[in-house]
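Only one structure is covered here, and it is reproduced in the block below.
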Amino acid sequence: MTGANSLQRLDWRNLNTLWGSVLTETLSRLGCRVAVVCPGSRSAPLTYALAQHPEIEAIPVVDERSAAFFALGLAQQLRQPIPLVCTSGSAGAHFFPALIEAAESGWPLLVLTADRPPELRHCRAGQTIDQVKLYGHYPNWQAELALPSAEPEALAYLRQTLVHAWERTLYPFPGPVHLNVPLRDPLAPVADGSTAPLIHLQEDPEFEKTFFRGVVPPPSLATPAAGSAFASTASFWQEWCRCERGVILAGPAQPADPQGYAEAVARLALALGWPVLAEGLSPLRNYASLNPYLITTYDLLLQQDVPQLWPEQVIQLGSLPTSKALRQTLAKACPRTWLLDPRPENGDPLHNPTTHLPFAVEELAAGIPAGKAKATAFLQTWLRVEAKARVELDRLLAAVPEWFEGKIGWWLAHHLPPETPLFIANSTPVRDVEWFWPPNDRRIRPYFNRGTNGIDGILSTAFGVAHCQRPTVLLTGDLAFLHDCGGLRLSPYLQGSLTILLINNQGGGIFELLPIAEVGRQGLNPPFEPYFATPQAVDFARLCQAHGIPHQRLETWEELAQALDPLPAQGVRVLEILTDRKADAQRRREWFQQWSELPSRL
């Protein structure tokens, strides 16, 4: 870089280098410490500036789709916006799946797509598509930057547009923002005299200090502050207190302070005397001693109609739990529902009589009186069937000697080191976690992509969660792993440890649990195996070898326990477990039938 002040971080060699360095320095002062960049010519000024900045780790990723999910994982872990850069053309389209997930699950991404200037669009210039509003309505905000120009006002415009874009990834609700960045040649950092009109700024040793003086990090995505507006005199609180058949539904949640979240839910449950049906992707099951009203076997208990367990009122925290049986029960019972969620979207897919209360449970709990309500008969019924089902479930799982997919999550809850970050893949793993994950106090932190519930990008997202984090574990099936196997190329850039626990059942095990499997068993067209189960015969050991990643096939539960504690401090490894998806599906069906009869026997 040139200039009178050797500490200057602005690059004055041409308009593009200046534009890129102003953008990057603004991001740094906003708090950015890591960015993900994909190679390309048109984005070179952005990539060069990010890679040169001493306070930003710029991680290069060849595959744009993998890069975007990697950035999503970083956003989940760091809880701050992650800049994501690509070149012009179809490159930005590969960001779309991860951007949709970020929008649906509420994670901040700042997408920067380089583009050709307007005069080279719509004229077959090559590597050019219409990138303006490329992502439809999914971004929190989107704009196209002006072309770089040599006016002080243009630099101020760029700075403030970046500040606004960063803020819009966070407020009023976290999500993605898209900036399209048109750039003319030269794209390389070569001097061409184009910044000569700004020579007076370049020679001013105080310019950078004054130019960036108002750029400061905004508040982070922390635990919501207590809100005095939510006092015990609120009308909804009085209505809750009068209800003796209420439940609290704790769906998937990744709060900044898991223990604070668990304490807030426990305070609410104790004050009302309501049971808490806690999804396996909620932190509540991993802080079990905080909440004596915790229910973890609800899906098993609701496989059949059990009117004595039906609520009259429901407090729903965020999204609904995954359980289909629970959703069917709620649809039949049609309880008065109160959705606690700061986000404005309609969060009730059942269309029950629902009122949206737009605040977090931590805010609500801070405004209600401490104390413990009288235990109602409804609460006691739930606690009694939960205790019975939990004992029987744990006994059955402990007695299974061979590999069973449903036991793996249960085993992890008993053997992972405390506070382990655990990324749980979609499809069968999230359902097994909901069905079988036991209450515990190991403070394990679940991570997941439940905005769109797809299997795409699972591996890359887990790499992002694990980067510069304590040793992390990914629980995934074989198809989700293969769908994103390009993510293995992130291994050389990982600072930290990722253990990939790969459940290999040679296909899509989830379909064995769906009605389409019965069609397959009857031999009807189209054939079940090739069109739904999609069997695969990949040699995962060789796939890992090609990427220089250690692979081990585990044979016993004891080997699994030994491999999990302690976890390695650095590097990537794959632990493969070979299971029988048809046998495991049959076991689940038999167990579900057995447990569905439990409430009627009590």
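In the structure tokens, the first chain shown is A, the next is B, and so on; residue numbers restart at 1 for each chain, and ligands run from 1 in the order shown.
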
For Ser460 of chain A: contacts at 7 Å, only C-alpha atoms, fewer than 5 positions along chain excluded, given as a ChimeraX atom specification: /A:66,69-70,487

So that I have them on file, write out the residues from the current selection with N, CA and C atoms, as a short mmCIF file (atom, residue, chain, number, x, y, z; two decimals), in the first residue's frame.
data_model
loop_
_atom_site.label_atom_id
_atom_site.label_comp_id
_atom_site.auth_asym_id
_atom_site.auth_seq_id
_atom_site.Cartn_x
_atom_site.Cartn_y
_atom_site.Cartn_z
N SER A 66 -20.51 -24.90 -0.83
CA SER A 66 -19.89 -25.29 0.43
C SER A 66 -19.45 -24.06 1.22
N PHE A 69 -22.41 -22.47 3.14
CA PHE A 69 -22.82 -23.21 4.35
C PHE A 69 -21.73 -23.13 5.42
N PHE A 70 -20.47 -23.09 5.02
CA PHE A 70 -19.39 -22.89 5.98
C PHE A 70 -19.57 -21.55 6.68
N GLY A 487 -17.47 -30.59 0.98
CA GLY A 487 -17.07 -29.88 2.19
C GLY A 487 -15.82 -30.45 2.84
#

So that I can check the surroundings of Gly318 of chain A, please list as a VMD selection string every protein, DNA and RNA residue that reaches within 10 Å of it, counting only C-alpha atoms and ignoring chain neighbours fewer than 3 positions away. chain A and resid 249 to 253 315 321 339 to 343 347 to 348 359 to 361

Please, could you write that set of residues out with C-alpha atoms as a PDB file, in the first residue's frame?
ATOM      1  CA  LEU A 249     -43.528 -26.534  24.030  1.00  0.00           C
ATOM      2  CA  ALA A 250     -39.786 -25.932  23.694  1.00  0.00           C
ATOM      3  CA  GLY A 251     -38.814 -26.404  20.065  1.00  0.00           C
ATOM      4  CA  PRO A 252     -35.380 -26.210  18.420  1.00  0.00           C
ATOM      5  CA  ALA A 253     -33.347 -23.369  19.931  1.00  0.00           C
ATOM      6  CA  ILE A 315     -47.103 -21.709  25.259  1.00  0.00           C
ATOM      7  CA  PRO A 321     -40.842 -29.492  17.966  1.00  0.00           C
ATOM      8  CA  LEU A 339     -46.393 -18.137  20.428  1.00  0.00           C
ATOM      9  CA  LEU A 340     -43.383 -16.589  22.168  1.00  0.00           C
ATOM     10  CA  ASP A 341     -41.008 -15.568  19.399  1.00  0.00           C
ATOM     11  CA  PRO A 342     -39.290 -12.232  18.696  1.00  0.00           C
ATOM     12  CA  ARG A 343     -39.415 -12.914  14.953  1.00  0.00           C
ATOM     13  CA  GLY A 347     -45.001 -19.736  13.506  1.00  0.00           C
ATOM     14  CA  ASP A 348     -48.123 -21.894  13.741  1.00  0.00           C
ATOM     15  CA  PHE A 359     -40.616 -11.391  22.790  1.00  0.00           C
ATOM     16  CA  ALA A 360     -38.259 -14.066  24.093  1.00  0.00           C
ATOM     17  CA  VAL A 361     -38.887 -16.347  27.050  1.00  0.00           C
TER      18      VAL A 361
END

Identify, on the basis of only C-alpha atoms, every residue whose closest approach to Gly409 of chain A does not exceed 10 Å; exclude the query and any residue fewer than 6 positions from it along the same chain; express the result as an mmCIF file with C-alpha atoms, in the first residue's frame.
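The file below, result.cif, is the result:
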data_model
loop_
_atom_site.group_PDB
_atom_site.id
_atom_site.type_symbol
_atom_site.label_atom_id
_atom_site.label_comp_id
_atom_site.auth_asym_id
_atom_site.auth_seq_id
_atom_site.Cartn_x
_atom_site.Cartn_y
_atom_site.Cartn_z
ATOM 1 C CA GLY A 280 -34.024 -32.851 21.555
ATOM 2 C CA HIS A 415 -20.435 -40.288 26.708
ATOM 3 C CA ILE A 424 -27.064 -32.858 14.256
ATOM 4 C CA PRO A 429 -30.584 -38.076 13.053
ATOM 5 C CA VAL A 430 -32.757 -35.166 14.229
ATOM 6 C CA ARG A 431 -35.702 -37.496 14.691
ATOM 7 C CA ASP A 432 -33.696 -40.062 16.624
ATOM 8 C CA VAL A 433 -32.415 -37.278 18.863
ATOM 9 C CA GLU A 434 -35.977 -36.163 19.529
ATOM 10 C CA TRP A 435 -37.162 -39.707 20.220
ATOM 11 C CA PHE A 436 -34.267 -41.046 22.259
ATOM 12 C CA TRP A 437 -31.999 -38.265 23.607
ATOM 13 C CA PRO A 438 -32.219 -38.535 27.426
ATOM 14 C CA LEU A 475 -23.820 -36.705 13.752
#

So how many Å separate atom CA of Ser491 of chain A and atom CA of Gln570 of chain A, to one decimal? 10.6 Å

Near Ala389 of chain A, within 10 Å and counting only C-alpha atoms, which residues show up once chain neighbours fewer than 6 positions away are dropped, as a short mmCIF file (atom, residue, chain, number, x, y, z; two decimals) with C-alpha atoms, in the first residue's frame?
data_model
loop_
_atom_site.label_atom_id
_atom_site.label_comp_id
_atom_site.auth_asym_id
_atom_site.auth_seq_id
_atom_site.Cartn_x
_atom_site.Cartn_y
_atom_site.Cartn_z
CA THR A 296 -38.77 -35.93 26.84
CA THR A 297 -40.84 -38.94 25.71
CA TYR A 298 -43.88 -37.03 24.43
CA LEU A 300 -43.68 -41.94 22.06
CA LEU A 301 -46.58 -41.26 24.43
CA LEU A 383 -44.86 -36.57 35.03
CA ARG A 395 -33.77 -50.08 29.74
CA TRP A 595 -45.12 -47.18 24.03
CA SER A 596 -48.35 -45.92 22.53
CA LEU A 598 -48.39 -47.04 27.98
CA PRO A 599 -50.67 -44.11 28.96
#

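Near Arg553 of chain A, within a cut-off of 9 Å and counting only C-alpha atoms, sit the residues A:Ala541, A:Val574, A:Leu575, A:Glu576, A:Ile577, A:Leu578, with same-chain residues fewer than 3 positions away left out.
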
Would you mind listing what lies within 7 Å of segment 506-518 of chain A as a PyMOL selection string, with only C-alpha atoms counted and same-chain residues fewer than 5 positions away left out? chain A and resi 427-428+478-479+528+532-537+581-582+585

Excluding same-chain residues fewer than 4 positions from segment 379-382 of chain A, what lies within 7 Å of it counting only C-alpha atoms, as a list in words? Gly273, Trp274, Pro275, Leu309, Ala375 and Glu386 of chain A

Would you mind exporting the chosen residues as an mmCIF file, in the first residue's frame, restricted to N, CA and C atoms?
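Below is the file that was written, selection-v1.cif:
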data_model
loop_
_atom_site.group_PDB
_atom_site.id
_atom_site.type_symbol
_atom_site.label_atom_id
_atom_site.label_comp_id
_atom_site.auth_asym_id
_atom_site.auth_seq_id
_atom_site.Cartn_x
_atom_site.Cartn_y
_atom_site.Cartn_z
ATOM 1 N N GLY A 273 -46.975 -24.243 36.878
ATOM 2 C CA GLY A 273 -47.281 -25.644 37.139
ATOM 3 C C GLY A 273 -47.595 -26.409 35.865
ATOM 4 N N TRP A 274 -46.916 -26.055 34.767
ATOM 5 C CA TRP A 274 -47.145 -26.687 33.466
ATOM 6 C C TRP A 274 -45.964 -27.566 33.078
ATOM 7 N N PRO A 275 -46.189 -28.723 32.487
ATOM 8 C CA PRO A 275 -45.083 -29.544 31.984
ATOM 9 C C PRO A 275 -44.442 -28.889 30.767
ATOM 10 N N LEU A 309 -53.899 -36.468 28.070
ATOM 11 C CA LEU A 309 -52.666 -35.689 27.938
ATOM 12 C C LEU A 309 -52.846 -34.456 27.052
ATOM 13 N N ALA A 375 -49.197 -28.303 42.028
ATOM 14 C CA ALA A 375 -49.170 -29.332 40.982
ATOM 15 C C ALA A 375 -50.588 -29.820 40.698
ATOM 16 N N GLU A 386 -44.227 -39.875 31.914
ATOM 17 C CA GLU A 386 -42.849 -39.596 31.500
ATOM 18 C C GLU A 386 -41.860 -40.471 32.267
#

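Between Val22 of chain A and the candidates A:Gly92, A:Pro344, A:Pro307, A:Pro152, the tightest atom-to-atom separation, counting only C-alpha atoms, involves A:Pro152.
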
May I have all residues of segment 339-548 of chain A that DSSP, computed from the backbone, assigns to strand (DSSP E or B), given as a PDB file with N, CA and C atoms, in the first residue's frame?
ATOM      1  N   LEU A 339     -47.700 -17.970  21.044  1.00  0.00           N
ATOM      2  CA  LEU A 339     -46.393 -18.137  20.428  1.00  0.00           C
ATOM      3  C   LEU A 339     -45.444 -17.066  20.947  1.00  0.00           C
ATOM      4  N   LEU A 340     -44.424 -17.494  21.698  1.00  0.00           N
ATOM      5  CA  LEU A 340     -43.383 -16.589  22.168  1.00  0.00           C
ATOM      6  C   LEU A 340     -42.221 -16.640  21.187  1.00  0.00           C
ATOM      7  N   THR A 354     -54.194 -18.874  17.763  1.00  0.00           N
ATOM      8  CA  THR A 354     -52.861 -18.512  18.253  1.00  0.00           C
ATOM      9  C   THR A 354     -52.709 -17.003  18.345  1.00  0.00           C
ATOM     10  N   THR A 355     -52.078 -16.561  19.437  1.00  0.00           N
ATOM     11  CA  THR A 355     -51.693 -15.164  19.624  1.00  0.00           C
ATOM     12  C   THR A 355     -50.173 -15.096  19.665  1.00  0.00           C
ATOM     13  N   HIS A 356     -49.610 -14.211  18.856  1.00  0.00           N
ATOM     14  CA  HIS A 356     -48.155 -14.051  18.792  1.00  0.00           C
ATOM     15  C   HIS A 356     -47.728 -13.005  19.812  1.00  0.00           C
ATOM     16  N   LEU A 357     -46.893 -13.416  20.758  1.00  0.00           N
ATOM     17  CA  LEU A 357     -46.294 -12.504  21.729  1.00  0.00           C
ATOM     18  C   LEU A 357     -44.847 -12.288  21.304  1.00  0.00           C
ATOM     19  N   PRO A 421     -19.900 -29.112  21.515  1.00  0.00           N
ATOM     20  CA  PRO A 421     -20.790 -28.683  20.430  1.00  0.00           C
ATOM     21  C   PRO A 421     -21.114 -29.901  19.548  1.00  0.00           C
ATOM     22  N   LEU A 422     -22.383 -30.165  19.357  1.00  0.00           N
ATOM     23  CA  LEU A 422     -22.834 -31.320  18.572  1.00  0.00           C
ATOM     24  C   LEU A 422     -23.721 -30.830  17.446  1.00  0.00           C
ATOM     25  N   PHE A 423     -23.238 -30.963  16.205  1.00  0.00           N
ATOM     26  CA  PHE A 423     -24.074 -30.616  15.055  1.00  0.00           C
ATOM     27  C   PHE A 423     -24.849 -31.861  14.639  1.00  0.00           C
ATOM     28  N   ILE A 424     -26.176 -31.728  14.525  1.00  0.00           N
ATOM     29  CA  ILE A 424     -27.064 -32.858  14.256  1.00  0.00           C
ATOM     30  C   ILE A 424     -27.670 -32.669  12.873  1.00  0.00           C
ATOM     31  N   ARG A 445     -24.072 -28.700  23.590  1.00  0.00           N
ATOM     32  CA  ARG A 445     -24.680 -27.612  22.817  1.00  0.00           C
ATOM     33  C   ARG A 445     -25.083 -28.114  21.441  1.00  0.00           C
ATOM     34  N   PRO A 446     -26.370 -28.295  21.195  1.00  0.00           N
ATOM     35  CA  PRO A 446     -26.807 -28.742  19.866  1.00  0.00           C
ATOM     36  C   PRO A 446     -26.775 -27.619  18.840  1.00  0.00           C
ATOM     37  N   TYR A 447     -26.270 -27.944  17.652  1.00  0.00           N
ATOM     38  CA  TYR A 447     -26.313 -27.055  16.493  1.00  0.00           C
ATOM     39  C   TYR A 447     -27.054 -27.790  15.376  1.00  0.00           C
ATOM     40  N   THR A 472     -15.538 -30.456  18.302  1.00  0.00           N
ATOM     41  CA  THR A 472     -16.928 -30.532  17.865  1.00  0.00           C
ATOM     42  C   THR A 472     -17.212 -31.880  17.231  1.00  0.00           C
ATOM     43  N   VAL A 473     -18.465 -32.324  17.323  1.00  0.00           N
ATOM     44  CA  VAL A 473     -18.896 -33.601  16.747  1.00  0.00           C
ATOM     45  C   VAL A 473     -20.047 -33.336  15.780  1.00  0.00           C
ATOM     46  N   LEU A 474     -20.023 -34.011  14.637  1.00  0.00           N
ATOM     47  CA  LEU A 474     -21.129 -33.998  13.677  1.00  0.00           C
ATOM     48  C   LEU A 474     -21.753 -35.387  13.648  1.00  0.00           C
ATOM     49  N   LEU A 475     -23.056 -35.463  13.874  1.00  0.00           N
ATOM     50  CA  LEU A 475     -23.820 -36.705  13.752  1.00  0.00           C
ATOM     51  C   LEU A 475     -24.595 -36.634  12.443  1.00  0.00           C
ATOM     52  N   THR A 476     -24.255 -37.518  11.488  1.00  0.00           N
ATOM     53  CA  THR A 476     -24.861 -37.417  10.162  1.00  0.00           C
ATOM     54  C   THR A 476     -25.096 -38.794   9.560  1.00  0.00           C
ATOM     55  N   GLY A 477     -26.061 -38.854   8.645  1.00  0.00           N
ATOM     56  CA  GLY A 477     -26.277 -40.052   7.858  1.00  0.00           C
ATOM     57  C   GLY A 477     -25.411 -40.036   6.610  1.00  0.00           C
ATOM     58  N   SER A 497     -11.078 -28.950  15.909  1.00  0.00           N
ATOM     59  CA  SER A 497     -11.282 -30.396  15.774  1.00  0.00           C
ATOM     60  C   SER A 497     -12.721 -30.681  15.395  1.00  0.00           C
ATOM     61  N   LEU A 498     -12.897 -31.557  14.406  1.00  0.00           N
ATOM     62  CA  LEU A 498     -14.228 -32.015  14.015  1.00  0.00           C
ATOM     63  C   LEU A 498     -14.210 -33.525  13.894  1.00  0.00           C
ATOM     64  N   THR A 499     -15.010 -34.182  14.708  1.00  0.00           N
ATOM     65  CA  THR A 499     -15.221 -35.632  14.616  1.00  0.00           C
ATOM     66  C   THR A 499     -16.543 -35.869  13.912  1.00  0.00           C
ATOM     67  N   ILE A 500     -16.491 -36.549  12.768  1.00  0.00           N
ATOM     68  CA  ILE A 500     -17.696 -36.823  11.982  1.00  0.00           C
ATOM     69  C   ILE A 500     -18.146 -38.240  12.288  1.00  0.00           C
ATOM     70  N   LEU A 501     -19.270 -38.365  12.961  1.00  0.00           N
ATOM     71  CA  LEU A 501     -19.843 -39.666  13.278  1.00  0.00           C
ATOM     72  C   LEU A 501     -20.821 -40.016  12.165  1.00  0.00           C
ATOM     73  N   LEU A 502     -20.390 -40.901  11.276  1.00  0.00           N
ATOM     74  CA  LEU A 502     -21.110 -41.204  10.042  1.00  0.00           C
ATOM     75  C   LEU A 502     -21.915 -42.494  10.199  1.00  0.00           C
ATOM     76  N   ILE A 503     -23.239 -42.355  10.195  1.00  0.00           N
ATOM     77  CA  ILE A 503     -24.127 -43.512  10.246  1.00  0.00           C
ATOM     78  C   ILE A 503     -24.392 -43.961   8.819  1.00  0.00           C
ATOM     79  N   ASN A 504     -23.824 -45.084   8.449  1.00  0.00           N
ATOM     80  CA  ASN A 504     -23.928 -45.571   7.080  1.00  0.00           C
ATOM     81  C   ASN A 504     -24.944 -46.710   7.015  1.00  0.00           C
TER      82      ASN A 504
END

Sel. of helix (DSSP H, G or I) residues, segment 117-184 of chain A, as a list in words: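 Selection result, helix (DSSP H, G or I) within segment 117-184 of chain A: Pro118, Glu119, Leu120, Pro152, Glu153, Ala154, Leu155, Ala156, Tyr157, Leu158, Arg159, Gln160, Thr161, Leu162, Val163, His164, Ala165, Trp166, Glu167 and Arg168 of chain A.
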